[in-house]
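**Q** This is the content of start03.tsv (TSV, N, CA and C atoms and all ligand atoms):
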```
chain	number	residue	atom	x	y	z
A	1	MET	N	101.49	98.29	68.75
A	1	MET	CA	101.53	97.37	69.90
A	1	MET	C	100.16	97.26	70.54
A	2	HIS	N	99.83	96.05	70.98
A	2	HIS	CA	98.54	95.80	71.63
A	2	HIS	C	98.50	96.51	73.00
A	3	TRP	N	97.28	96.96	73.41
A	3	TRP	CA	97.13	97.65	74.71
A	3	TRP	C	97.70	96.83	75.85
A	4	TYR	N	97.48	95.48	75.78
A	4	TYR	CA	97.97	94.63	76.87
A	4	TYR	C	99.48	94.78	77.04
A	5	ASP	N	100.20	94.77	75.90
A	5	ASP	CA	101.67	94.85	75.97
A	5	ASP	C	102.12	96.18	76.54
A	6	ILE	N	101.44	97.26	76.09
A	6	ILE	CA	101.81	98.60	76.57
A	6	ILE	C	101.61	98.69	78.08
A	7	LEU	N	100.41	98.26	78.53
A	7	LEU	CA	100.07	98.37	79.96
A	7	LEU	C	100.97	97.47	80.80
A	8	LYS	N	101.25	96.28	80.29
A	8	LYS	CA	102.09	95.35	81.05
A	8	LYS	C	103.51	95.90	81.18
A	9	HIS	N	104.04	96.44	80.05
A	9	HIS	CA	105.38	97.05	80.12
A	9	HIS	C	105.42	98.18	81.13
A	10	LEU	N	104.40	99.05	81.05
A	10	LEU	CA	104.33	100.19	81.98
A	10	LEU	C	104.29	99.70	83.42
A	11	HIS	N	103.40	98.72	83.67
A	11	HIS	CA	103.20	98.21	85.03
A	11	HIS	C	104.46	97.56	85.58
A	12	VAL	N	105.09	96.72	84.77
A	12	VAL	CA	106.28	96.00	85.24
A	12	VAL	C	107.45	96.97	85.44
A	13	THR	N	107.60	97.94	84.52
A	13	THR	CA	108.67	98.92	84.67
A	13	THR	C	108.45	99.75	85.93
A	14	ALA	N	107.21	100.23	86.12
A	14	ALA	CA	106.91	101.03	87.31
A	14	ALA	C	107.07	100.20	88.59
A	15	ALA	N	106.74	98.90	88.52
A	15	ALA	CA	106.90	98.03	89.70
A	15	ALA	C	108.37	97.94	90.09
A	16	GLY	N	109.24	97.75	89.09
A	16	GLY	CA	110.68	97.70	89.36
A	16	GLY	C	111.17	99.02	89.93
A	17	LEU	N	110.69	100.13	89.35
A	17	LEU	CA	111.11	101.45	89.84
A	17	LEU	C	110.63	101.69	91.26
A	18	THR	N	109.43	101.20	91.60
A	18	THR	CA	108.92	101.33	92.97
A	18	THR	C	109.91	100.74	93.96
A	19	ALA	N	110.34	99.50	93.67
A	19	ALA	CA	111.28	98.82	94.56
A	19	ALA	C	112.60	99.58	94.62
A	20	LEU	N	113.08	100.04	93.44
A	20	LEU	CA	114.36	100.75	93.39
A	20	LEU	C	114.29	102.07	94.17
A	21	LEU	N	113.23	102.86	93.90
A	21	LEU	CA	113.12	104.18	94.53
A	21	LEU	C	112.95	104.06	96.05
A	22	PHE	N	112.23	103.02	96.48
A	22	PHE	CA	112.04	102.83	97.92
A	22	PHE	C	113.37	102.46	98.60
A	23	THR	N	114.10	101.51	98.01
A	23	THR	CA	115.34	101.07	98.66
A	23	THR	C	116.41	102.18	98.60
A	24	VAL	N	116.42	102.95	97.51
A	24	VAL	CA	117.39	104.05	97.43
A	24	VAL	C	117.12	105.07	98.55
A	25	ARG	N	115.84	105.41	98.76
A	25	ARG	CA	115.53	106.39	99.82
A	25	ARG	C	115.87	105.83	101.20
A	26	LEU	N	115.58	104.55	101.43
A	26	LEU	CA	115.95	103.92	102.71
A	26	LEU	C	117.46	103.97	102.91
A	27	ALA	N	118.19	103.63	101.84
A	27	ALA	CA	119.65	103.57	101.93
A	27	ALA	C	120.22	104.97	102.22
A	28	LEU	N	119.65	106.00	101.57
A	28	LEU	CA	120.15	107.36	101.79
A	28	LEU	C	119.91	107.78	103.24
A	29	ASP	N	118.72	107.48	103.77
A	29	ASP	CA	118.44	107.80	105.18
A	29	ASP	C	119.37	107.02	106.11
A	30	ALA	N	119.55	105.74	105.80
A	30	ALA	CA	120.36	104.87	106.67
A	30	ALA	C	121.81	105.32	106.72
A	31	THR	N	122.28	105.98	105.64
A	31	THR	CA	123.68	106.42	105.60
A	31	THR	C	123.80	107.92	105.91
A	32	GLY	N	122.74	108.45	106.56
A	32	GLY	CA	122.80	109.83	107.05
A	32	GLY	C	122.72	110.89	105.96
A	33	ARG	N	121.98	110.59	104.89
A	33	ARG	CA	121.82	111.58	103.81
A	33	ARG	C	120.34	111.88	103.54
A	34	PRO	N	119.68	112.59	104.49
A	34	PRO	CA	118.25	112.84	104.35
A	34	PRO	C	117.93	113.95	103.32
A	35	GLY	N	119.00	114.52	102.73
A	35	GLY	CA	118.82	115.64	101.79
A	35	GLY	C	118.06	115.27	100.53
A	36	TRP	N	117.81	113.97	100.30
A	36	TRP	CA	117.05	113.57	99.10
A	36	TRP	C	115.66	114.20	99.09
A	37	ARG	N	115.22	114.66	100.29
A	37	ARG	CA	113.86	115.25	100.36
A	37	ARG	C	113.78	116.60	99.64
A	38	THR	N	114.90	117.17	99.27
A	38	THR	CA	114.88	118.42	98.51
A	38	THR	C	115.24	118.16	97.04
A	39	THR	N	115.22	116.91	96.62
A	39	THR	CA	115.54	116.54	95.23
A	39	THR	C	114.29	115.92	94.58
A	40	PRO	N	114.36	115.61	93.28
A	40	PRO	CA	113.20	114.96	92.62
A	40	PRO	C	112.82	113.63	93.28
A	41	LEU	N	113.72	113.05	94.09
A	41	LEU	CA	113.38	111.80	94.78
A	41	LEU	C	112.18	111.98	95.72
A	42	ARG	N	111.87	113.25	96.03
A	42	ARG	CA	110.72	113.50	96.89
A	42	ARG	C	109.40	113.21	96.16
A	43	TRP	N	109.35	113.62	94.85
A	43	TRP	CA	108.07	113.47	94.14
A	43	TRP	C	108.05	112.36	93.09
A	44	LEU	N	109.23	111.95	92.66
A	44	LEU	CA	109.30	110.91	91.62
A	44	LEU	C	108.55	109.62	92.02
A	45	PRO	N	108.71	109.13	93.26
A	45	PRO	CA	107.98	107.91	93.64
A	45	PRO	C	106.46	108.06	93.53
A	46	HIS	N	105.93	109.26	93.82
A	46	HIS	CA	104.48	109.46	93.73
A	46	HIS	C	104.02	109.41	92.27
A	47	LEU	N	104.82	110.04	91.40
A	47	LEU	CA	104.50	109.99	89.97
A	47	LEU	C	104.54	108.54	89.48
A	48	ASN	N	105.59	107.82	89.90
A	48	ASN	CA	105.74	106.42	89.48
A	48	ASN	C	104.59	105.55	90.00
A	49	ASP	N	104.18	105.79	91.25
A	49	ASP	CA	103.08	104.99	91.82
A	49	ASP	C	101.78	105.25	91.08
A	50	THR	N	101.60	106.51	90.61
A	50	THR	CA	100.40	106.84	89.83
A	50	THR	C	100.40	106.04	88.52
A	51	VAL	N	101.57	105.97	87.87
A	51	VAL	CA	101.69	105.18	86.63
A	51	VAL	C	101.43	103.70	86.92
A	52	LEU	N	102.03	103.20	88.02
A	52	LEU	CA	101.88	101.78	88.39
A	52	LEU	C	100.41	101.42	88.58
A	53	LEU	N	99.69	102.25	89.33
A	53	LEU	CA	98.29	101.92	89.64
A	53	LEU	C	97.38	102.16	88.45
A	54	THR	N	97.67	103.19	87.65
A	54	THR	CA	96.86	103.43	86.45
A	54	THR	C	97.00	102.25	85.48
A	55	ALA	N	98.25	101.80	85.30
A	55	ALA	CA	98.48	100.64	84.42
A	55	ALA	C	97.82	99.39	85.01
A	56	ALA	N	97.83	99.27	86.36
A	56	ALA	CA	97.19	98.11	87.01
A	56	ALA	C	95.69	98.09	86.69
A	57	ILE	N	95.06	99.25	86.77
A	57	ILE	CA	93.62	99.31	86.49
A	57	ILE	C	93.37	98.97	85.01
A	58	GLY	N	94.24	99.50	84.15
A	58	GLY	CA	94.14	99.16	82.73
A	58	GLY	C	94.26	97.67	82.50
A	59	LEU	N	95.21	97.04	83.21
A	59	LEU	CA	95.41	95.58	83.06
A	59	LEU	C	94.17	94.80	83.50
A	60	LEU	N	93.52	95.28	84.58
A	60	LEU	CA	92.29	94.61	85.04
A	60	LEU	C	91.25	94.63	83.93
A	61	VAL	N	91.15	95.79	83.25
A	61	VAL	CA	90.15	95.95	82.19
A	61	VAL	C	90.46	95.03	81.01
A	62	VAL	N	91.72	95.02	80.56
A	62	VAL	CA	92.01	94.27	79.33
A	62	VAL	C	92.21	92.77	79.55
A	63	THR	N	92.58	92.36	80.80
A	63	THR	CA	92.84	90.92	81.02
A	63	THR	C	91.66	90.19	81.63
A	64	GLY	N	90.78	90.90	82.35
A	64	GLY	CA	89.69	90.22	83.03
A	64	GLY	C	90.09	89.67	84.40
A	65	TRP	N	91.39	89.84	84.79
A	65	TRP	CA	91.78	89.49	86.16
A	65	TRP	C	91.02	90.42	87.11
A	66	MET	N	90.52	89.91	88.24
A	66	MET	CA	89.68	90.71	89.12
A	66	MET	C	89.96	90.43	90.60
A	67	PRO	N	90.30	91.47	91.39
A	67	PRO	CA	90.43	91.24	92.83
A	67	PRO	C	89.11	90.71	93.38
A	68	PHE	N	89.14	89.91	94.42
A	68	PHE	CA	87.98	89.28	95.08
A	68	PHE	C	87.38	88.13	94.24
A	69	VAL	N	87.89	87.95	93.01
A	69	VAL	CA	87.53	86.78	92.22
A	69	VAL	C	88.78	85.89	92.10
A	70	HIS	N	89.89	86.53	91.73
A	70	HIS	CA	91.18	85.84	91.63
A	70	HIS	C	91.99	86.24	92.86
A	71	HIS	N	92.21	85.27	93.75
A	71	HIS	CA	92.68	85.66	95.08
A	71	HIS	C	94.15	86.02	95.16
A	72	TRP	N	94.95	85.65	94.12
A	72	TRP	CA	96.33	86.15	94.14
A	72	TRP	C	96.29	87.68	94.04
A	73	LEU	N	95.28	88.21	93.32
A	73	LEU	CA	95.14	89.66	93.18
A	73	LEU	C	94.57	90.28	94.45
A	74	THR	N	93.62	89.59	95.10
A	74	THR	CA	93.08	90.08	96.37
A	74	THR	C	94.23	90.22	97.37
A	75	ALA	N	95.06	89.15	97.44
A	75	ALA	CA	96.19	89.18	98.36
A	75	ALA	C	97.15	90.32	98.00
A	76	LYS	N	97.32	90.54	96.70
A	76	LYS	CA	98.22	91.60	96.23
A	76	LYS	C	97.73	92.97	96.70
A	77	VAL	N	96.42	93.20	96.60
A	77	VAL	CA	95.86	94.50	97.00
A	77	VAL	C	96.02	94.69	98.52
A	78	ILE	N	95.75	93.61	99.29
A	78	ILE	CA	95.89	93.72	100.75
A	78	ILE	C	97.35	94.01	101.11
A	79	LEU	N	98.28	93.29	100.46
A	79	LEU	CA	99.71	93.52	100.72
A	79	LEU	C	100.13	94.92	100.29
A	80	LEU	N	99.51	95.41	99.21
A	80	LEU	CA	99.84	96.78	98.76
A	80	LEU	C	99.48	97.79	99.84
A	81	VAL	N	98.30	97.61	100.46
A	81	VAL	CA	97.89	98.53	101.54
A	81	VAL	C	98.90	98.42	102.70
A	82	GLY	N	99.28	97.18	103.05
A	82	GLY	CA	100.26	96.97	104.12
A	82	GLY	C	101.60	97.61	103.78
A	83	TYR	N	102.00	97.49	102.51
A	83	TYR	CA	103.27	98.08	102.06
A	83	TYR	C	103.23	99.61	102.15
A	84	ILE	N	102.09	100.19	101.77
A	84	ILE	CA	101.97	101.66	101.81
A	84	ILE	C	102.05	102.14	103.27
A	85	VAL	N	101.34	101.45	104.18
A	85	VAL	CA	101.35	101.85	105.60
A	85	VAL	C	102.76	101.69	106.18
A	86	ALA	N	103.35	100.50	106.00
A	86	ALA	CA	104.69	100.25	106.55
A	86	ALA	C	105.71	101.19	105.91
A	87	GLY	N	105.59	101.39	104.60
A	87	GLY	CA	106.52	102.28	103.89
A	87	GLY	C	106.45	103.70	104.43
A	88	GLY	N	105.25	104.13	104.78
A	88	GLY	CA	105.06	105.48	105.35
A	88	GLY	C	105.82	105.62	106.67
A	89	TYR	N	105.71	104.61	107.53
A	89	TYR	CA	106.45	104.64	108.81
A	89	TYR	C	107.96	104.59	108.57
A	90	ALA	N	108.36	103.81	107.56
A	90	ALA	CA	109.80	103.63	107.32
A	90	ALA	C	110.47	104.90	106.82
A	91	ILE	N	109.72	105.69	106.07
A	91	ILE	CA	110.32	106.85	105.39
A	91	ILE	C	110.28	108.12	106.26
A	92	LYS	N	109.29	108.23	107.15
A	92	LYS	CA	109.13	109.51	107.86
A	92	LYS	C	110.11	109.67	109.02
A	93	PRO	N	110.89	110.78	109.01
A	93	PRO	CA	111.92	110.98	110.04
A	93	PRO	C	111.34	111.15	111.44
A	94	LYS	N	110.03	111.50	111.55
A	94	LYS	CA	109.48	111.76	112.90
A	94	LYS	C	109.38	110.48	113.74
A	95	PHE	N	109.48	109.30	113.11
A	95	PHE	CA	109.40	108.07	113.88
A	95	PHE	C	110.79	107.65	114.36
A	96	SER	N	110.82	106.88	115.48
A	96	SER	CA	112.11	106.48	116.07
A	96	SER	C	112.83	105.52	115.11
A	97	ARG	N	114.14	105.39	115.33
A	97	ARG	CA	114.94	104.52	114.45
A	97	ARG	C	114.47	103.06	114.50
A	98	PRO	N	114.22	102.50	115.71
A	98	PRO	CA	113.74	101.09	115.73
A	98	PRO	C	112.41	100.92	115.00
A	99	THR	N	111.51	101.91	115.16
A	99	THR	CA	110.22	101.83	114.46
A	99	THR	C	110.44	101.85	112.95
A	100	ARG	N	111.32	102.73	112.52
A	100	ARG	CA	111.56	102.87	111.07
A	100	ARG	C	112.22	101.61	110.50
A	101	ILE	N	113.14	101.02	111.25
A	101	ILE	CA	113.82	99.82	110.75
A	101	ILE	C	112.82	98.66	110.67
A	102	THR	N	112.00	98.49	111.72
A	102	THR	CA	110.99	97.42	111.71
A	102	THR	C	110.04	97.62	110.54
A	103	ALA	N	109.59	98.88	110.36
A	103	ALA	CA	108.65	99.17	109.28
A	103	ALA	C	109.29	98.91	107.92
A	104	ALA	N	110.56	99.26	107.77
A	104	ALA	CA	111.25	99.05	106.49
A	104	ALA	C	111.32	97.55	106.16
A	105	VAL	N	111.63	96.73	107.18
A	105	VAL	CA	111.71	95.28	106.96
A	105	VAL	C	110.33	94.75	106.55
A	106	LEU	N	109.29	95.19	107.28
A	106	LEU	CA	107.93	94.73	106.96
A	106	LEU	C	107.53	95.16	105.54
A	107	ALA	N	107.87	96.40	105.18
A	107	ALA	CA	107.52	96.92	103.84
A	107	ALA	C	108.22	96.10	102.76
A	108	LEU	N	109.51	95.79	102.98
A	108	LEU	CA	110.26	95.04	101.96
A	108	LEU	C	109.75	93.61	101.82
A	109	ILE	N	109.36	93.00	102.96
A	109	ILE	CA	108.81	91.64	102.89
A	109	ILE	C	107.50	91.66	102.08
A	110	GLN	N	106.66	92.65	102.36
A	110	GLN	CA	105.37	92.71	101.65
A	110	GLN	C	105.58	92.99	100.16
A	111	LEU	N	106.56	93.84	99.85
A	111	LEU	CA	106.85	94.12	98.44
A	111	LEU	C	107.33	92.85	97.74
A	112	ALA	N	108.18	92.08	98.42
A	112	ALA	CA	108.68	90.84	97.83
A	112	ALA	C	107.51	89.87	97.59
A	113	LEU	N	106.58	89.80	98.54
A	113	LEU	CA	105.41	88.92	98.37
A	113	LEU	C	104.54	89.37	97.20
A	114	ILE	N	104.41	90.70	97.02
A	114	ILE	CA	103.63	91.23	95.89
A	114	ILE	C	104.26	90.76	94.57
A	115	PHE	N	105.59	90.86	94.47
A	115	PHE	CA	106.26	90.40	93.25
A	115	PHE	C	106.06	88.90	93.06
A	116	TRP	N	106.17	88.15	94.16
A	116	TRP	CA	106.02	86.69	94.05
A	116	TRP	C	104.62	86.34	93.56
A	117	LEU	N	103.61	87.00	94.14
A	117	LEU	CA	102.22	86.72	93.71
A	117	LEU	C	102.02	87.10	92.25
A	118	ALA	N	102.58	88.27	91.85
A	118	ALA	CA	102.40	88.72	90.46
A	118	ALA	C	103.02	87.74	89.48
A	119	LEU	N	104.19	87.23	89.84
A	119	LEU	CA	104.91	86.35	88.90
A	119	LEU	C	104.35	84.94	88.89
A	120	ASN	N	103.78	84.48	90.02
A	120	ASN	CA	103.33	83.08	90.11
A	120	ASN	C	101.82	82.90	89.99
A	121	LYS	N	101.07	83.97	90.28
A	121	LYS	CA	99.60	83.94	90.19
A	121	LYS	C	99.04	82.62	90.74
A	122	PRO	N	99.34	82.28	92.01
A	122	PRO	CA	98.85	81.01	92.55
A	122	PRO	C	97.33	80.98	92.63
A	123	VAL	N	96.75	79.81	92.46
A	123	VAL	CA	95.30	79.66	92.57
A	123	VAL	C	95.01	79.19	94.00
A	124	PHE	N	94.21	79.97	94.75
A	124	PHE	CA	93.81	79.52	96.10
A	124	PHE	C	92.48	80.13	96.48
A	201	LIG	C1	103.56	97.62	94.47
A	201	LIG	C2	102.52	97.19	93.76
A	201	LIG	C3	102.62	96.22	92.60
A	201	LIG	C4	103.72	95.57	92.08
A	201	LIG	C5	105.16	95.62	92.59
A	201	LIG	C6	103.24	94.78	90.95
A	201	LIG	C7	104.06	93.98	90.17
A	201	LIG	C8	103.62	93.25	89.09
A	201	LIG	C9	104.47	92.49	88.19
A	201	LIG	C10	106.00	92.37	88.31
A	201	LIG	C11	103.67	91.91	87.27
A	201	LIG	C12	104.11	91.03	86.06
A	201	LIG	C13	103.90	89.58	86.32
A	201	LIG	C14	104.25	88.76	85.09
A	201	LIG	O1	105.19	89.10	84.35
A	201	LIG	O2	103.56	87.76	84.83
A	201	LIG	C15	102.31	92.28	87.57
A	201	LIG	C16	101.21	91.84	86.89
A	201	LIG	C17	99.92	92.23	87.14
A	201	LIG	N1	99.50	93.16	88.07
A	201	LIG	FE1	100.70	94.09	89.43
A	201	LIG	N2	101.90	94.97	90.82
A	201	LIG	C18	101.48	95.83	91.80
A	201	LIG	C19	100.20	96.28	92.04
A	201	LIG	C20	99.07	95.86	91.34
A	201	LIG	C21	97.71	96.23	91.64
A	201	LIG	C22	97.28	97.17	92.79
A	201	LIG	C23	96.91	95.59	90.74
A	201	LIG	C24	95.41	95.63	90.59
A	201	LIG	C25	94.58	95.55	91.58
A	201	LIG	C26	97.76	94.84	89.85
A	201	LIG	C27	97.35	94.08	88.79
A	201	LIG	C28	98.12	93.27	88.01
A	201	LIG	C29	97.63	92.36	86.99
A	201	LIG	C30	96.16	92.16	86.59
A	201	LIG	C31	98.74	91.70	86.46
A	201	LIG	C32	98.72	90.56	85.46
A	201	LIG	C33	99.03	90.93	84.06
A	201	LIG	C34	99.23	89.62	83.30
A	201	LIG	O3	100.19	88.90	83.57
A	201	LIG	O4	98.40	89.33	82.45
A	201	LIG	N3	99.08	95.02	90.25
A	201	LIG	N4	102.31	93.10	88.67
```
Transcribe the structure of this file into structure tokens.
**A**
Amino acid sequence: MHWYDILKHLHVTAAGLTALLFTVRLALDATGRPGWRTTPLRWLPHLNDTVLLTAAIGLLVVTGWMPFVHHWLTAKVILLVGYIVAGGYAIKPKFSRPTRITAAVLALIQLALIFWLALNKPVF
């Protein structure tokens, strides 16, 4: 298999898992089951994010897509930072419930925009 196919499969699979693992953790917290923090759900998302970003860097190398040159990617990187910040507030129990709910909504909107940009690659 060509490197592009391997990296793209890895990236897309990890992207789907990112969304799944984030929503599962939110749902467990929302239904009063914070015990996931003592299960592999605590570290699995970090491992998955490492795969996602490593494959992303590989894709930049093999495809020639470049942030700050191709602006759908620039927007994707900015939204990724926003998603990481909002996701951090949404997941941490030390923040109030309204803060966590607002952060979760913001994180999910940004994640949806990242998928939309990735799939449509708009030129702007
Ligand atoms: C949460 C973060 C991310 C998600 C959910 C995500 C999701 C996706 C998805 C679903 C695709 C496939 C699009 C298609 O089938 O055409 C894709 C493609 C791509 N992603 Fe990401 N991505 C993320 C982060 C990044 C980052 C940080 C970079 C690099 C700065 C990146 C670089 C790329 C590139 C270059 C492609 C295009 C591959 C191609 O179609 O030739 N991604 N991404």
**Q** Hey, which bits of chain A sit within 8 Å of ligand LIG 201 (chain A), and for each residue what's the closest pair of atoms and how far apart in Å (one decimal), counting all atoms listed in the file, rows by chain and increasing number, as a tab-separated table?
**A**
```
residue	atom	partner	partner_atom	distance
A:Tyr4	CA	A:LIG201	O4	7.7
A:Leu7	C	A:LIG201	C33	7.6
A:Lys8	CA	A:LIG201	C33	6.2
A:His11	C	A:LIG201	C8	5.6
A:Val12	CA	A:LIG201	C10	4.8
A:Thr13	N	A:LIG201	C10	6.9
A:Ala14	C	A:LIG201	C5	6.4
A:Ala15	CA	A:LIG201	C5	4.1
A:Gly16	N	A:LIG201	C5	5.8
A:Leu17	N	A:LIG201	C5	7.8
A:Thr18	CA	A:LIG201	C1	6.7
A:Ala19	N	A:LIG201	C5	6.6
A:Asp49	CA	A:LIG201	C1	7.8
A:Leu52	C	A:LIG201	C19	6.2
A:Leu53	CA	A:LIG201	C22	5.8
A:Thr54	N	A:LIG201	C22	7.9
A:Ala55	C	A:LIG201	C27	6.5
A:Ala56	CA	A:LIG201	C26	4.4
A:Ile57	N	A:LIG201	C24	5.3
A:Gly58	C	A:LIG201	C30	7.1
A:Leu59	C	A:LIG201	C30	4.5
A:Leu60	N	A:LIG201	C30	4.6
A:Val61	N	A:LIG201	C30	7.0
A:Val62	C	A:LIG201	O4	7.7
A:Thr63	CA	A:LIG201	O4	6.0
A:Gly64	C	A:LIG201	C30	6.9
A:Trp65	CA	A:LIG201	C30	5.1
A:Met66	N	A:LIG201	C30	6.3
A:Pro67	N	A:LIG201	C25	5.9
A:Leu73	C	A:LIG201	C25	6.0
A:Thr74	N	A:LIG201	C25	7.0
A:Lys76	C	A:LIG201	C22	5.8
A:Val77	CA	A:LIG201	C22	5.2
A:Ile78	N	A:LIG201	C22	7.6
A:Leu79	C	A:LIG201	C1	7.3
A:Leu80	CA	A:LIG201	C2	5.7
A:Val81	N	A:LIG201	C22	7.8
A:Tyr83	CA	A:LIG201	C1	7.6
A:Ile84	N	A:LIG201	C1	7.9
A:Gln110	C	A:LIG201	C1	7.6
A:Leu111	CA	A:LIG201	C1	6.2
A:Ala112	N	A:LIG201	C5	7.5
A:Leu113	C	A:LIG201	C5	7.8
A:Ile114	C	A:LIG201	C5	5.3
A:Phe115	N	A:LIG201	C5	5.1
A:Trp116	N	A:LIG201	C10	7.2
A:Leu117	C	A:LIG201	C13	6.7
A:Ala118	C	A:LIG201	C13	3.8
A:Leu119	N	A:LIG201	C13	4.2
A:Asn120	N	A:LIG201	O2	6.1
A:Lys121	N	A:LIG201	O2	7.1
```
**Q** I'd like to know which of A:Ala86, A:Leu106, A:Ala75, A:Leu44 is closest to Pro122 in chain A, using only C-alpha atoms.
**A**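 Checking each candidate against Pro122 in chain A, we get A:Ala75 as the closest.
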**Q** Kindly give the distance, in Å, that separates CA of Val105 in chain A and CA of Leu26 in chain A, rounded to a single decimal.
**A** 10.5 Å
**Q** Would you compute the distance between CA of Arg100 in chain A and CA of Thr23 in chain A? Give it in Å to one decimal.
**A** 13.1 Å
**Q** Box time for range 86-98 of chain A: axis-aligned, enclosing all its listed atoms, 4 Å extra on each side; report centre and edge lengths in Å to one decimal, as JSON.
**A**
```
{"center_x": 109.1, "center_y": 106.0, "center_z": 110.0, "size_x": 19.6, "size_y": 19.5, "size_z": 20.2}
```
**Q** Rounded to one decimal in Å, what is the spacing between CA of Pro98 in chain A and CA of Leu28 in chain A?
**A**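 CA of Leu28 in chain A lies 16.6 Å from CA of Pro98 in chain A.
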**Q** Point out the residue among A:Asn48, A:His2, A:Arg25, A:Trp43 with the least atom-to-atom distance to Ile91 in chain A, counting all atoms listed in the file.
**A** A:Arg25
**Q** Could you check which of A:Leu47, A:Ile6, A:Ala30, A:Val24 is closest to Ile101 in chain A, using only C-alpha atoms?
**A** A:Ala30
**Q** Which parts of range 19-123 of chain A does DSSP call helix (DSSP H, G or I) when run on the backbone here, written out as a PyMOL selection string?
**A** chain A and resi 19-30+34-38+40-42+44-63+71-91+97-120
**Q** Compare A:Thr39, A:Leu10, A:Trp72, A:Tyr89 by their minimum atom-to-atom distance to Val51 in chain A, counting only N, CA and C atoms, and give me the closest one.
**A** A:Leu10
**Q** For range 84-89 of chain A, supply all heavy atoms and report the output as a PDB file, keeping the file's coordinate frame.
**A**
```
ATOM      1  N   ILE A  84     102.090 100.190 101.770  1.00  0.00           N
ATOM      2  CA  ILE A  84     101.970 101.660 101.810  1.00  0.00           C
ATOM      3  C   ILE A  84     102.050 102.140 103.270  1.00  0.00           C
ATOM      4  O   ILE A  84     102.756 103.110 103.570  1.00  0.00           O
ATOM      5  CB  ILE A  84     100.651 102.119 101.146  1.00  0.00           C
ATOM      6  CG1 ILE A  84     100.713 101.869  99.638  1.00  0.00           C
ATOM      7  CG2 ILE A  84     100.369 103.598 101.434  1.00  0.00           C
ATOM      8  CD1 ILE A  84      99.389 102.035  98.908  1.00  0.00           C
ATOM      9  N   VAL A  85     101.340 101.450 104.180  1.00  0.00           N
ATOM     10  CA  VAL A  85     101.350 101.850 105.600  1.00  0.00           C
ATOM     11  C   VAL A  85     102.760 101.690 106.180  1.00  0.00           C
ATOM     12  O   VAL A  85     103.340 102.633 106.741  1.00  0.00           O
ATOM     13  CB  VAL A  85     100.331 101.028 106.412  1.00  0.00           C
ATOM     14  CG1 VAL A  85     100.467 101.317 107.908  1.00  0.00           C
ATOM     15  CG2 VAL A  85      98.900 101.325 105.942  1.00  0.00           C
ATOM     16  N   ALA A  86     103.350 100.500 106.000  1.00  0.00           N
ATOM     17  CA  ALA A  86     104.690 100.250 106.550  1.00  0.00           C
ATOM     18  C   ALA A  86     105.710 101.190 105.910  1.00  0.00           C
ATOM     19  O   ALA A  86     106.573 101.744 106.604  1.00  0.00           O
ATOM     20  CB  ALA A  86     105.085  98.789 106.331  1.00  0.00           C
ATOM     21  N   GLY A  87     105.590 101.390 104.600  1.00  0.00           N
ATOM     22  CA  GLY A  87     106.520 102.280 103.890  1.00  0.00           C
ATOM     23  C   GLY A  87     106.450 103.700 104.430  1.00  0.00           C
ATOM     24  O   GLY A  87     107.465 104.382 104.566  1.00  0.00           O
ATOM     25  N   GLY A  88     105.250 104.130 104.780  1.00  0.00           N
ATOM     26  CA  GLY A  88     105.060 105.480 105.350  1.00  0.00           C
ATOM     27  C   GLY A  88     105.820 105.620 106.670  1.00  0.00           C
ATOM     28  O   GLY A  88     106.518 106.619 106.882  1.00  0.00           O
ATOM     29  N   TYR A  89     105.710 104.610 107.530  1.00  0.00           N
ATOM     30  CA  TYR A  89     106.450 104.640 108.810  1.00  0.00           C
ATOM     31  C   TYR A  89     107.960 104.590 108.570  1.00  0.00           C
ATOM     32  O   TYR A  89     108.732 105.210 109.295  1.00  0.00           O
ATOM     33  CB  TYR A  89     106.033 103.464 109.699  1.00  0.00           C
ATOM     34  CG  TYR A  89     104.755 103.716 110.477  1.00  0.00           C
ATOM     35  CD1 TYR A  89     103.505 103.455 109.915  1.00  0.00           C
ATOM     36  CD2 TYR A  89     104.791 104.215 111.782  1.00  0.00           C
ATOM     37  CE1 TYR A  89     102.328 103.684 110.622  1.00  0.00           C
ATOM     38  CE2 TYR A  89     103.627 104.449 112.500  1.00  0.00           C
ATOM     39  CZ  TYR A  89     102.394 104.178 111.908  1.00  0.00           C
ATOM     40  OH  TYR A  89     101.237 104.411 112.607  1.00  0.00           O
TER      41      TYR A  89
END
```
